[in-house]
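Structure below is final38.txt: compact mmCIF, C-alpha atoms and all ligand atoms.
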```
# COMPACT_ATOMS: atom_id res chain seq x y z
CA MET A 1414 219.25 12.23 126.45
CA GLY A 1415 219.88 11.65 130.16
CA PRO A 1416 218.22 9.12 132.49
CA LEU A 1417 214.53 9.44 133.26
CA PRO A 1418 213.52 10.92 136.63
CA ILE A 1419 213.41 7.78 138.74
CA SER A 1420 212.07 9.07 142.05
CA SER A 1421 208.46 8.33 141.13
CA ILE A 1422 209.01 4.97 139.41
CA ARG A 1423 207.92 1.87 141.39
CA ILE A 1424 208.15 -1.19 139.19
CA GLY A 1425 208.06 -4.02 141.74
CA LYS A 1426 210.27 -7.10 141.59
CA ILE A 1427 211.27 -8.14 138.10
CA GLU A 1428 211.92 -11.87 138.07
CA ASP A 1429 214.72 -13.07 135.84
CA VAL A 1430 213.13 -15.54 133.39
CA GLN A 1431 216.22 -17.72 133.03
CA GLU A 1432 216.35 -18.19 136.82
CA LEU A 1433 212.61 -18.81 136.91
CA ILE A 1434 212.72 -21.76 134.55
CA LYS A 1435 215.66 -23.25 136.47
CA SER A 1436 213.80 -23.27 139.75
CA LYS A 1437 210.19 -23.80 138.57
CA PRO A 1438 210.21 -25.01 134.96
CA ASN A 1439 206.45 -25.47 134.72
CA LYS A 1440 205.26 -22.37 136.52
CA VAL A 1441 204.39 -19.07 134.89
CA PRO A 1442 204.01 -16.34 137.55
CA GLU A 1443 200.91 -14.17 137.39
CA ARG A 1444 202.88 -11.08 136.36
CA PHE A 1445 203.83 -12.70 133.04
CA ILE A 1446 200.31 -13.92 132.20
CA ARG A 1447 198.66 -11.63 129.67
CA GLU A 1448 195.13 -10.28 130.08
CA ALA A 1449 192.44 -12.33 128.36
CA ASN A 1450 192.08 -9.81 125.51
CA GLU A 1451 195.79 -9.89 124.73
CA ARG A 1452 195.91 -13.65 125.18
CA GLY A 1453 192.95 -13.93 122.84
CA LEU A 1454 195.06 -12.21 120.25
CA LEU A 1455 197.87 -14.68 120.85
CA VAL A 1456 195.75 -17.62 119.80
CA SER A 1457 192.70 -16.38 117.89
CA LEU A 1458 194.31 -14.23 115.21
CA LYS A 1459 195.24 -16.75 112.60
CA THR A 1460 198.82 -16.60 111.47
CA HIS A 1461 199.62 -16.44 107.79
CA PRO A 1462 201.92 -19.38 107.02
CA HIS A 1463 202.11 -18.63 103.31
CA GLN A 1464 203.10 -14.97 103.35
CA HIS A 1465 206.76 -14.13 103.70
CA ILE A 1466 208.56 -10.84 104.05
CA PRO A 1467 210.44 -9.82 100.89
CA VAL A 1468 214.10 -10.73 100.34
CA ILE A 1469 216.50 -8.07 99.03
CA ASP A 1470 219.80 -9.10 97.48
CA LEU A 1471 222.26 -6.34 98.40
CA SER A 1472 224.82 -7.52 95.85
CA LYS A 1473 222.30 -6.68 93.11
CA LEU A 1474 222.24 -3.12 94.44
CA SER A 1475 225.96 -2.57 95.07
CA GLU A 1476 227.50 -4.69 92.27
CA PRO A 1477 224.73 -5.25 89.71
CA HIS A 1478 225.50 -7.18 86.51
CA THR A 1479 223.26 -4.88 84.51
CA HIS A 1480 221.50 -1.57 85.05
CA ASP A 1481 218.18 -3.44 84.85
CA ASP A 1482 219.23 -5.75 87.73
CA HIS A 1483 219.85 -2.66 89.83
CA LEU A 1484 216.55 -1.03 88.90
CA PHE A 1485 214.62 -4.21 89.56
CA GLU A 1486 216.11 -4.59 93.04
CA ILE A 1487 215.42 -0.91 93.84
CA LEU A 1488 211.80 -1.50 92.85
CA LYS A 1489 211.66 -4.59 95.09
CA LEU A 1490 213.12 -2.52 97.93
CA SER A 1491 210.56 0.23 97.49
CA GLN A 1492 207.71 -2.33 97.47
CA ALA A 1493 209.16 -4.06 100.55
CA CYS A 1494 209.29 -0.74 102.43
CA GLU A 1495 205.86 0.39 101.29
CA ASP A 1496 203.91 -2.86 101.62
CA TRP A 1497 205.71 -4.61 104.49
CA GLY A 1498 208.03 -2.27 106.41
CA PHE A 1499 210.18 -5.38 106.83
CA PHE A 1500 212.55 -7.32 104.58
CA GLN A 1501 215.44 -9.77 104.80
CA VAL A 1502 218.75 -8.81 103.26
CA ILE A 1503 220.99 -11.45 101.70
CA ASN A 1504 224.51 -11.07 100.30
CA HIS A 1505 224.97 -8.16 102.72
CA GLY A 1506 228.74 -8.54 102.62
CA ILE A 1507 229.26 -8.94 106.39
CA GLU A 1508 231.71 -11.78 107.01
CA VAL A 1509 230.29 -14.96 108.54
CA LYS A 1510 232.92 -14.77 111.29
CA VAL A 1511 231.73 -11.33 112.44
CA VAL A 1512 228.14 -12.59 112.63
CA GLU A 1513 229.14 -15.82 114.40
CA ASP A 1514 231.44 -14.04 116.84
CA ILE A 1515 228.76 -11.69 118.14
CA GLU A 1516 226.33 -14.57 118.47
CA LYS A 1517 228.90 -16.52 120.47
CA VAL A 1518 229.56 -13.78 123.04
CA ALA A 1519 225.88 -12.87 123.31
CA LYS A 1520 225.06 -16.50 124.09
CA GLU A 1521 227.93 -16.76 126.57
CA PHE A 1522 226.79 -13.54 128.24
CA PHE A 1523 223.27 -14.83 128.91
CA GLU A 1524 224.65 -18.19 130.07
CA MET A 1525 226.73 -16.55 132.82
CA PRO A 1526 225.47 -16.81 136.44
CA LEU A 1527 222.95 -14.15 137.41
CA GLU A 1528 225.42 -12.67 139.91
CA GLU A 1529 227.82 -11.89 137.04
CA LYS A 1530 225.12 -10.36 134.81
CA LYS A 1531 223.84 -8.28 137.74
CA LYS A 1532 227.13 -6.37 137.68
CA TYR A 1533 225.65 -4.53 134.68
CA PRO A 1534 222.13 -3.67 135.89
CA MET A 1535 219.57 -1.75 133.89
CA GLU A 1536 218.56 0.69 136.62
CA PRO A 1537 214.90 1.77 136.72
CA GLY A 1538 214.47 4.74 134.41
CA THR A 1539 217.39 3.79 132.16
CA VAL A 1540 217.52 1.68 128.99
CA GLN A 1541 221.09 0.36 129.08
CA GLY A 1542 222.32 -2.73 130.90
CA TYR A 1543 220.90 -6.15 131.85
CA GLY A 1544 217.23 -6.42 132.79
CA GLN A 1545 213.84 -5.48 131.34
CA ALA A 1546 213.28 -2.06 129.83
CA PHE A 1547 209.96 -0.23 129.38
CA ILE A 1548 208.54 -1.18 132.81
CA PHE A 1549 206.96 1.78 134.59
CA SER A 1550 204.50 0.39 137.15
CA GLU A 1551 204.09 -2.48 139.60
CA ASP A 1552 201.06 -3.88 137.84
CA GLN A 1553 202.52 -3.80 134.31
CA LYS A 1554 202.82 -7.27 132.75
CA LEU A 1555 206.33 -8.53 132.07
CA ASP A 1556 207.75 -9.98 128.89
CA TRP A 1557 209.21 -13.51 128.87
CA CYS A 1558 212.63 -12.15 128.00
CA ASN A 1559 215.98 -11.08 129.45
CA MET A 1560 217.61 -8.11 127.74
CA PHE A 1561 221.05 -6.61 127.59
CA ALA A 1562 221.19 -3.18 125.90
CA LEU A 1563 224.10 -0.85 125.23
CA GLY A 1564 224.52 2.51 123.53
CA VAL A 1565 227.34 2.13 120.99
CA HIS A 1566 227.71 5.32 118.97
CA PRO A 1567 228.50 8.19 119.27
CA PRO A 1568 230.83 7.56 122.23
CA SER A 1569 228.92 10.16 124.31
CA ILE A 1570 225.93 7.76 124.66
CA ARG A 1571 228.12 4.94 126.00
CA ASN A 1572 228.11 3.90 129.61
CA PRO A 1573 231.52 2.17 129.84
CA LYS A 1574 230.66 0.65 133.24
CA LEU A 1575 228.03 -1.47 131.50
CA TRP A 1576 230.39 -2.97 128.91
CA PRO A 1577 231.09 -6.39 130.42
CA SER A 1578 234.58 -7.73 131.08
CA LYS A 1579 233.23 -11.26 130.60
CA PRO A 1580 232.95 -13.03 128.21
CA ALA A 1581 236.49 -11.96 127.35
CA ARG A 1582 235.92 -10.90 123.75
CA PHE A 1583 232.49 -9.32 124.26
CA SER A 1584 233.53 -5.69 123.74
CA GLU A 1585 235.96 -6.46 120.92
CA ASN A 1586 233.35 -8.50 119.04
CA LEU A 1587 230.64 -5.90 119.62
CA GLU A 1588 232.89 -3.11 118.30
CA GLY A 1589 233.69 -5.11 115.13
CA TYR A 1590 230.06 -6.13 114.60
CA SER A 1591 228.74 -2.60 115.15
CA LYS A 1592 231.14 -1.12 112.60
CA GLU A 1593 229.90 -3.56 109.96
CA ILE A 1594 226.23 -3.02 110.82
CA ARG A 1595 226.78 0.76 110.68
CA LYS A 1596 228.17 0.44 107.14
CA LEU A 1597 225.20 -1.73 106.20
CA CYS A 1598 222.71 0.83 107.56
CA LYS A 1599 224.39 3.62 105.59
CA LYS A 1600 224.21 1.54 102.39
CA LEU A 1601 220.57 0.61 102.96
CA LEU A 1602 219.64 4.24 103.60
CA LYS A 1603 221.38 5.20 100.38
CA TYR A 1604 219.28 2.71 98.39
CA ILE A 1605 216.12 3.64 100.30
CA ALA A 1606 216.75 7.28 99.33
CA ILE A 1607 217.15 6.23 95.67
CA SER A 1608 213.93 4.19 95.89
CA LEU A 1609 212.15 7.39 96.96
CA GLY A 1610 213.60 9.39 94.07
CA LEU A 1611 215.86 11.37 96.44
CA ASN A 1612 219.55 12.20 96.29
CA GLU A 1613 221.40 9.12 97.61
CA GLU A 1614 223.12 11.12 100.36
CA ARG A 1615 219.85 12.63 101.64
CA PHE A 1616 219.59 10.62 104.88
CA GLU A 1617 223.32 10.50 105.55
CA GLU A 1618 223.55 14.30 105.33
CA MET A 1619 220.49 14.80 107.49
CA PHE A 1620 221.36 12.26 110.24
CA GLY A 1621 224.76 13.72 111.19
CA GLU A 1622 226.72 11.46 113.58
CA ALA A 1623 224.03 8.76 113.74
CA VAL A 1624 223.04 7.13 117.05
CA GLN A 1625 223.51 3.37 117.21
CA ALA A 1626 222.43 1.10 120.05
CA VAL A 1627 222.32 -2.66 120.43
CA ARG A 1628 219.93 -4.86 122.36
CA MET A 1629 220.42 -8.57 122.89
CA ASN A 1630 217.16 -10.37 123.65
CA TYR A 1631 217.16 -13.85 125.18
CA TYR A 1632 213.85 -15.71 125.33
CA PRO A 1633 214.05 -18.99 127.29
CA PRO A 1634 211.53 -21.73 126.53
CA CYS A 1635 208.19 -21.24 128.28
CA SER A 1636 205.94 -24.09 129.51
CA SER A 1637 202.81 -22.09 128.49
CA PRO A 1638 203.72 -20.05 125.41
CA ASP A 1639 200.05 -19.24 124.82
CA LEU A 1640 199.86 -17.28 128.10
CA VAL A 1641 202.87 -14.99 127.68
CA LEU A 1642 204.60 -12.68 125.21
CA GLY A 1643 208.36 -12.74 124.53
CA LEU A 1644 208.28 -9.06 123.63
CA SER A 1645 205.20 -6.81 123.68
CA PRO A 1646 203.87 -5.44 120.37
CA HIS A 1647 205.68 -2.25 119.35
CA SER A 1648 207.20 -0.35 116.47
CA ASP A 1649 210.86 0.71 116.70
CA GLY A 1650 211.73 4.35 117.30
CA SER A 1651 214.82 4.11 115.10
CA ALA A 1652 215.23 4.98 111.42
CA LEU A 1653 216.27 1.41 110.62
CA THR A 1654 216.56 -1.70 112.78
CA VAL A 1655 218.77 -4.69 111.95
CA LEU A 1656 217.86 -7.99 113.59
CA GLN A 1657 220.07 -11.04 113.70
CA GLN A 1658 218.63 -14.27 114.98
CA SER A 1659 221.04 -16.86 116.43
CA LYS A 1660 221.52 -20.12 114.59
CA ASN A 1661 219.52 -22.46 116.82
CA SER A 1662 216.75 -20.05 117.72
CA CYS A 1663 213.09 -20.92 117.32
CA VAL A 1664 210.94 -18.76 115.04
CA GLY A 1665 209.45 -16.04 117.22
CA LEU A 1666 209.24 -12.70 115.46
CA GLN A 1667 205.79 -11.84 114.11
CA ILE A 1668 204.68 -8.73 112.25
CA LEU A 1669 201.18 -7.31 112.07
CA LYS A 1670 199.99 -7.24 108.47
CA ASP A 1671 196.35 -6.72 107.48
CA ASN A 1672 195.31 -7.45 111.07
CA THR A 1673 197.12 -10.79 111.02
CA TRP A 1674 200.34 -11.81 112.78
CA VAL A 1675 202.76 -13.04 110.11
CA PRO A 1676 205.75 -15.08 111.38
CA VAL A 1677 209.18 -14.14 110.06
CA LEU A 1678 211.16 -17.22 109.01
CA PRO A 1679 214.77 -16.03 108.80
CA LEU A 1680 216.86 -17.36 105.93
CA PRO A 1681 220.30 -18.70 106.85
CA SER A 1682 222.82 -15.82 106.91
CA ALA A 1683 220.18 -13.20 106.18
CA LEU A 1684 219.59 -10.17 108.39
CA VAL A 1685 216.08 -8.89 109.04
CA ILE A 1686 215.62 -5.15 108.47
CA ASN A 1687 212.70 -3.01 109.51
CA ILE A 1688 211.63 0.56 108.96
CA GLY A 1689 211.45 2.55 112.21
CA ASP A 1690 209.21 5.46 113.23
CA THR A 1691 211.79 8.02 112.05
CA ILE A 1692 211.60 6.90 108.41
CA GLU A 1693 207.81 6.86 108.67
CA VAL A 1694 207.83 10.52 109.69
CA LEU A 1695 210.49 11.57 107.16
CA THR A 1696 208.60 9.92 104.29
CA ASN A 1697 205.29 11.37 105.50
CA GLY A 1698 203.97 7.83 105.97
CA LYS A 1699 204.92 6.46 102.54
CA TYR A 1700 207.21 3.92 104.26
CA LYS A 1701 205.66 2.95 107.61
CA SER A 1702 207.10 1.38 110.74
CA VAL A 1703 205.23 -1.86 111.36
CA GLU A 1704 204.03 -3.25 114.66
CA HIS A 1705 205.81 -6.46 115.64
CA ARG A 1706 206.22 -8.74 118.66
CA ALA A 1707 208.07 -11.88 119.74
CA VAL A 1708 206.39 -15.06 120.95
CA THR A 1709 207.99 -17.93 122.86
CA ASN A 1710 208.28 -21.66 122.32
CA ARG A 1711 207.63 -24.56 124.69
CA GLU A 1712 210.90 -26.37 123.95
CA ARG A 1713 213.27 -23.97 122.30
CA GLU A 1714 215.08 -20.81 123.23
CA ARG A 1715 215.52 -17.71 121.08
CA LEU A 1716 218.38 -15.22 120.99
CA THR A 1717 218.35 -12.07 118.88
CA ILE A 1718 220.87 -9.27 118.44
CA VAL A 1719 219.12 -6.08 117.46
CA THR A 1720 220.73 -2.82 116.29
CA PHE A 1721 218.82 0.47 116.32
CA TYR A 1722 220.17 3.10 113.92
CA ALA A 1723 218.83 6.63 114.23
CA PRO A 1724 219.68 10.29 113.56
CA ASN A 1725 221.83 12.24 116.01
CA TYR A 1726 219.88 13.57 119.00
CA GLU A 1727 220.41 17.14 117.77
CA VAL A 1728 218.59 16.58 114.48
CA GLU A 1729 215.18 18.12 113.78
CA ILE A 1730 212.84 15.63 112.14
CA GLU A 1731 209.87 16.44 109.91
CA PRO A 1732 208.36 15.02 106.73
CA MET A 1733 210.71 15.77 103.82
CA GLY A 1734 209.44 18.54 101.56
CA GLU A 1735 209.85 16.34 98.46
CA LEU A 1736 207.29 13.88 99.88
CA VAL A 1737 204.66 16.39 100.99
CA ASP A 1738 202.09 18.08 98.80
CA ASP A 1739 199.63 20.45 100.43
CA GLU A 1740 196.90 19.47 97.97
CA THR A 1741 197.36 15.73 97.46
CA ASN A 1742 199.52 14.55 100.37
CA PRO A 1743 199.40 16.98 103.29
CA CYS A 1744 201.88 16.83 106.13
CA LYS A 1745 200.88 14.09 108.63
CA TYR A 1746 203.52 14.69 111.35
CA ARG A 1747 204.76 17.77 113.16
CA SER A 1748 208.44 18.60 113.39
CA TYR A 1749 210.36 17.60 116.53
CA ASN A 1750 213.86 17.06 117.88
CA HIS A 1751 215.04 13.41 117.65
CA GLY A 1752 216.54 13.55 121.16
CA ASP A 1753 213.10 14.51 122.49
CA TYR A 1754 211.51 11.63 120.57
CA SER A 1755 214.09 9.18 121.96
CA TYR A 1756 213.31 10.39 125.47
CA HIS A 1757 209.57 10.03 124.84
CA TYR A 1758 210.07 6.55 123.35
CA VAL A 1759 212.07 5.13 126.23
CA SER A 1760 209.87 6.71 128.92
CA ASN A 1761 206.71 4.90 127.80
CA LYS A 1762 205.77 1.24 127.79
CA LEU A 1763 205.80 -0.65 124.49
CA GLN A 1764 202.28 -0.34 123.12
CA GLY A 1765 201.90 -0.94 119.42
CA LYS A 1766 202.44 2.26 117.46
CA LYS A 1767 201.30 4.55 120.27
CA SER A 1768 204.72 6.18 120.60
CA LEU A 1769 204.24 7.93 117.26
CA ASP A 1770 201.23 9.83 118.63
CA PHE A 1771 204.01 12.16 119.82
CA ALA A 1772 204.31 13.45 116.25
CA ARG A 1773 201.03 12.67 114.51
CA ILE A 1774 198.96 15.63 113.33
CA LEU A 1775 195.37 14.73 114.14
CA ASN A 1776 192.65 16.15 111.89
C1 LIG B 1 215.96 -0.98 125.46
O1 LIG B 1 216.30 -0.12 124.46
C2 LIG B 1 215.55 0.03 123.34
O2 LIG B 1 214.68 -0.71 123.07
C3 LIG B 1 215.88 1.13 122.48
C4 LIG B 1 216.84 1.97 123.03
C5 LIG B 1 217.94 2.31 122.46
C6 LIG B 1 218.87 3.22 123.07
C7 LIG B 1 219.87 2.75 123.91
C8 LIG B 1 219.98 1.33 124.36
C9 LIG B 1 220.91 3.64 124.43
C10 LIG B 1 221.03 4.91 123.68
C11 LIG B 1 219.74 5.51 123.38
C12 LIG B 1 218.75 4.65 122.63
C13 LIG B 1 217.36 5.21 122.93
C14 LIG B 1 218.95 4.72 121.13
C15 LIG B 1 215.26 1.33 121.28
O3 LIG B 1 215.79 2.21 120.41
C16 LIG B 1 215.02 2.91 119.50
C17 LIG B 1 214.21 3.97 120.11
C18 LIG B 1 214.58 5.16 119.59
C19 LIG B 1 213.94 6.49 119.81
C20 LIG B 1 215.66 4.95 118.75
O4 LIG B 1 216.25 5.82 118.13
O5 LIG B 1 215.94 3.64 118.70
O1 LIG B 2 213.62 -10.65 119.16
C1 LIG B 2 212.83 -10.41 118.26
O2 LIG B 2 212.49 -11.21 117.42
C2 LIG B 2 212.21 -9.04 118.20
C3 LIG B 2 213.09 -7.98 118.77
C4 LIG B 2 212.56 -6.59 118.62
O3 LIG B 2 211.59 -6.35 117.99
C5 LIG B 2 213.29 -5.50 119.29
O4 LIG B 2 214.26 -5.76 120.02
O5 LIG B 2 212.90 -4.32 119.08
FE FE B 3 211.45 -4.15 117.62
```

In structure tokens, what does this structure look like?
Amino acid sequence: MGPLPISSIRIGKIEDVQELIKSKPNKVPERFIREANERGLLVSLKTHPHQHIPVIDLSKLSEPHTHDDHLFEILKLSQACEDWGFFQVINHGIEVKVVEDIEKVAKEFFEMPLEEKKKYPMEPGTVQGYGQAFIFSEDQKLDWCNMFALGVHPPSIRNPKLWPSKPARFSENLEGYSKEIRKLCKKLLKYIAISLGLNEERFEEMFGEAVQAVRMNYYPPCSSPDLVLGLSPHSDGSALTVLQQSKNSCVGLQILKDNTWVPVLPLPSALVINIGDTIEVLTNGKYKSVEHRAVTNRERERLTIVTFYAPNYEVEIEPMGELVDDETNPCKYRSYNHGDYSYHYVSNKLQGKKSLDFARILN
């Protein structure tokens, strides 16, 4: 998947939100202010304070005391994927130091002067580097967020010029973190396969050399959080996404459930996992990707480290035969190449679940 054709893209000036709040802490420029209908949704849809995304204990899956413990956790996992598309994973086995180290360098990266961060620009029409992705026109509203995104695996998707030399341990910590998150994704996909009654290696065999990318999102405080969005509503194009929220972050992630935005309150040392569009297609919609967004806070910042895990670009994706039945559960998505879907995903603005129209079979 190469860069998008940039000749026709005019996206206007993208103000850096960290710089904005330094110079004019109480001003929200017009380009960040959402249209009334979207703003309406920010305030009028009641949030659901009493509903929480399910919690999966990975140790009960990988080292269960009894067979029943294992079965019970698999059942919880299948319900989490079917009813929520989101869950938190505890006892994931990733060392605290690995998690703390990536948080430290991510924070230090965003705290560097703009001039330093600008050495790694996200050029229009690309998705890697420092800036805002998914902007394709001058009148498109901007998110209240600075992003730094990098392709990690396989090495062919890396752009080494964008791997920063400062903070000093950035690359080393990202390599270590990504290896651990990759192992976690493989384990989760194994248990997700079991929860679907499939051979545990089904996804691993299909995905080949899986694509892995990381995006660090920094949301500074905003003087008018009711006027802006931290990150526009979207579903992820990945198979699985792993989200880590830094220790002192405000709550900001919300997921759309039964037409209501439900806030995700991360547990200490848990990672938040969500089902991406690719699993939705492969399971013929049994496990769905869920629309989510980030909102900002008047006083507090938010920093998240997000890993997208997806099949190799060469892989052909279609609903798995085991989960399709011509009579009772006909095929809902056409087959496509994952590289083509990735290209489609990153060349369109974030807009709920619209990206999946690429594959939906309309009756
Ligand atoms: C800003 O980036 C994203 O939101 C994003 C992109 C990820 C990618 C990179 C940063 C470099 C390598 C390619 C890739 C597209 C994976 C989201 O990732 C989702 C979207 C698709 C499709 C996917 O597989 O993950
Ligand atoms: O930062 C968050 O809470 C949400 C991030 C997210 O959804 C993404 O990066 O795709
Ligand atoms: Fe997301």

Find, counting all atoms listed in the file, the residue in A:Cys1558, A:Leu1680, A:Ile1424, A:Cys1744 that gets nearest to ligand LIG 1 (chain B).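 Among A:Cys1558, A:Leu1680, A:Ile1424, A:Cys1744, it is A:Cys1558 that comes nearest to ligand LIG 1 (chain B).
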
Would you give me, as a tab-separated table, each residue of chain A having an atom within 7 Å of an atom of ligand LIG 2 (chain B), along with its shortest atom pair and that distance in Å to one decimal, using only C-alpha atoms and all ligand atoms and sorting by chain and residue number?
```
residue	atom	partner	partner_atom	distance
A:Arg1628	CA	B:LIG2	O4	6.2
A:Asn1630	CA	B:LIG2	O1	5.7
A:Leu1644	CA	B:LIG2	C2	6.7
A:Asp1649	CA	B:LIG2	O5	5.9
A:Gly1665	CA	B:LIG2	O2	5.7
A:Leu1666	CA	B:LIG2	O2	4.1
A:His1705	CA	B:LIG2	O3	6.2
A:Arg1706	CA	B:LIG2	O3	5.9
A:Ala1707	CA	B:LIG2	O2	5.0
A:Leu1716	CA	B:LIG2	O1	6.8
A:Thr1717	CA	B:LIG2	O1	4.9
A:Val1719	CA	B:LIG2	O4	5.5
```

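For ligand FE 3 (chain B), the set of protein, DNA and RNA residues within 10 Å, based on all atoms listed in the file, reads Arg1628, Leu1644, Ser1645, Pro1646, His1647, Ser1648, Asp1649, Gly1650, Ser1651, Thr1654, Val1655, Leu1656, Leu1666, Ile1668, Asn1687, Ile1688, Gly1689, Ser1702, Val1703, Glu1704, His1705, Arg1706, Ala1707, Val1719, Thr1720, Phe1721 and Leu1763 of chain A.
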
What do you get as a PDB file with C-alpha atoms, in the frame of the given file if you pick all residues at most 6 Å from ligand LIG 1 (chain B), counting only C-alpha atoms and all ligand atoms?
```pdb
ATOM      1  CA  VAL A1540     217.520   1.680 128.990  1.00  0.00           C
ATOM      2  CA  GLN A1541     221.090   0.360 129.080  1.00  0.00           C
ATOM      3  CA  ALA A1546     213.280  -2.060 129.830  1.00  0.00           C
ATOM      4  CA  ALA A1562     221.190  -3.180 125.900  1.00  0.00           C
ATOM      5  CA  LEU A1563     224.100  -0.850 125.230  1.00  0.00           C
ATOM      6  CA  GLY A1564     224.520   2.510 123.530  1.00  0.00           C
ATOM      7  CA  ILE A1570     225.930   7.760 124.660  1.00  0.00           C
ATOM      8  CA  ALA A1626     222.430   1.100 120.050  1.00  0.00           C
ATOM      9  CA  ASP A1649     210.860   0.710 116.700  1.00  0.00           C
ATOM     10  CA  GLY A1650     211.730   4.350 117.300  1.00  0.00           C
ATOM     11  CA  SER A1651     214.820   4.110 115.100  1.00  0.00           C
ATOM     12  CA  PHE A1721     218.820   0.470 116.320  1.00  0.00           C
ATOM     13  CA  ALA A1723     218.830   6.630 114.230  1.00  0.00           C
ATOM     14  CA  TYR A1754     211.510  11.630 120.570  1.00  0.00           C
ATOM     15  CA  SER A1755     214.090   9.180 121.960  1.00  0.00           C
ATOM     16  CA  TYR A1758     210.070   6.550 123.350  1.00  0.00           C
TER      17      TYR A1758
END
```

For Pro1732 (chain A), please output as a ChimeraX atom specification all residues within 10 Å (counting only C-alpha atoms; exclusion window: fewer than 4 positions along the same chain). /A:1691-1698,1736-1737,1743-1748

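In terms of minimum interatomic distance to Lys1440 (chain A), A:Ser1636 ranks closest within A:Asn1559, A:Ser1636, A:Asn1761, A:Gln1625, counting all atoms listed in the file.
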
Which of A:Tyr1604, A:Val1565, A:Ile1503, A:Gly1610 sits closest to Ser1584 (chain A) [using all atoms listed in the file]: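 Residue with the minimum atom-to-atom distance to Ser1584 (chain A): A:Val1565.
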
Find the residue from A:Val1511, A:Leu1490, A:Ile1446, A:Leu1642 that sits nearest to Ser1682 (chain A); use all atoms listed in the file when measuring.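 For Ser1682 (chain A), the nearest of the given residues is A:Val1511.
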
Which is closest to Pro1676 (chain A) among A:His1465, A:Arg1715, A:His1751, A:Lys1762, if we use only C-alpha atoms?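 Smallest separation from Pro1676 (chain A) among the options: A:His1465.
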
Smallest atom-to-atom distance to Ala1623 (chain A): which of A:Ser1569, A:Gln1667, A:Asn1450, A:Ser1550, using all atoms listed in the file? A:Ser1569

Could you list, as an MDAnalysis selection string, every residue within 10 Å of Asp1429 (chain A), counting all atoms listed in the file and ignoring same-chain residues fewer than 4 positions away? chainID A and resid 1433:1434 1527 1544:1545 1557:1560

Could you check how far CA of Leu1602 (chain A) sits from CA of Ala1652 (chain A), in Å to one decimal? 9.0 Å

Would you list the contacts of Cys1635 (chain A) as a PDB file with C-alpha atoms, in the coordinates of the input, taking every protein, DNA or RNA residue within 8 Å and counting all atoms listed in the file, but skipping same-chain residues closer than 3 positions in sequence?
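As a result, selection.pdb now contains:
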```pdb
ATOM      1  CA  ILE A1434     212.720 -21.760 134.550  1.00  0.00           C
ATOM      2  CA  PRO A1438     210.210 -25.010 134.960  1.00  0.00           C
ATOM      3  CA  ASN A1439     206.450 -25.470 134.720  1.00  0.00           C
ATOM      4  CA  VAL A1441     204.390 -19.070 134.890  1.00  0.00           C
ATOM      5  CA  TRP A1557     209.210 -13.510 128.870  1.00  0.00           C
ATOM      6  CA  PRO A1638     203.720 -20.050 125.410  1.00  0.00           C
ATOM      7  CA  THR A1709     207.990 -17.930 122.860  1.00  0.00           C
ATOM      8  CA  ASN A1710     208.280 -21.660 122.320  1.00  0.00           C
ATOM      9  CA  ARG A1711     207.630 -24.560 124.690  1.00  0.00           C
ATOM     10  CA  GLU A1712     210.900 -26.370 123.950  1.00  0.00           C
TER      11      GLU A1712
END
```

Computed gap from CA of Ala1683 (chain A) to CA of Asn1504 (chain A) is 7.6 Å

So that I can see what lies close to Pro1580 (chain A), please list as a list in words the residues with an atom at most 8 Å from it, counting only C-alpha atoms and leaving out residues fewer than 6 positions away in the same chain.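 The filter keeps Val1518, Glu1521 and Phe1522 of chain A.
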
Please return region 1686-1692 of chain A, rebuilt to N, CA, C and O atoms, as a short mmCIF file (atom, residue, chain, number, x, y, z; two decimals), keeping the file's coordinate frame.
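Done, and the output landed in rebuild_12.cif:
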```cif
data_model
loop_
_atom_site.label_atom_id
_atom_site.label_comp_id
_atom_site.auth_asym_id
_atom_site.auth_seq_id
_atom_site.Cartn_x
_atom_site.Cartn_y
_atom_site.Cartn_z
N ILE A 1686 215.59 -6.61 108.37
CA ILE A 1686 215.62 -5.15 108.47
C ILE A 1686 214.20 -4.63 108.63
O ILE A 1686 213.29 -5.12 107.95
N ASN A 1687 214.00 -3.65 109.51
CA ASN A 1687 212.70 -3.01 109.51
C ASN A 1687 212.79 -1.49 109.58
O ASN A 1687 213.76 -0.93 110.06
N ILE A 1688 211.76 -0.89 109.00
CA ILE A 1688 211.63 0.56 108.96
C ILE A 1688 211.17 1.03 110.34
O ILE A 1688 210.20 0.48 110.89
N GLY A 1689 211.84 2.03 110.90
CA GLY A 1689 211.45 2.55 112.21
C GLY A 1689 210.59 3.80 112.07
O GLY A 1689 210.38 4.33 110.96
N ASP A 1690 210.11 4.29 113.21
CA ASP A 1690 209.21 5.46 113.23
C ASP A 1690 209.82 6.67 112.52
O ASP A 1690 209.11 7.48 111.92
N THR A 1691 211.16 6.81 112.62
CA THR A 1691 211.79 8.02 112.05
C THR A 1691 211.63 8.07 110.53
O THR A 1691 211.38 9.14 109.96
N ILE A 1692 211.78 6.93 109.87
CA ILE A 1692 211.60 6.90 108.41
C ILE A 1692 210.12 7.12 108.07
O ILE A 1692 209.79 7.77 107.08
#
```
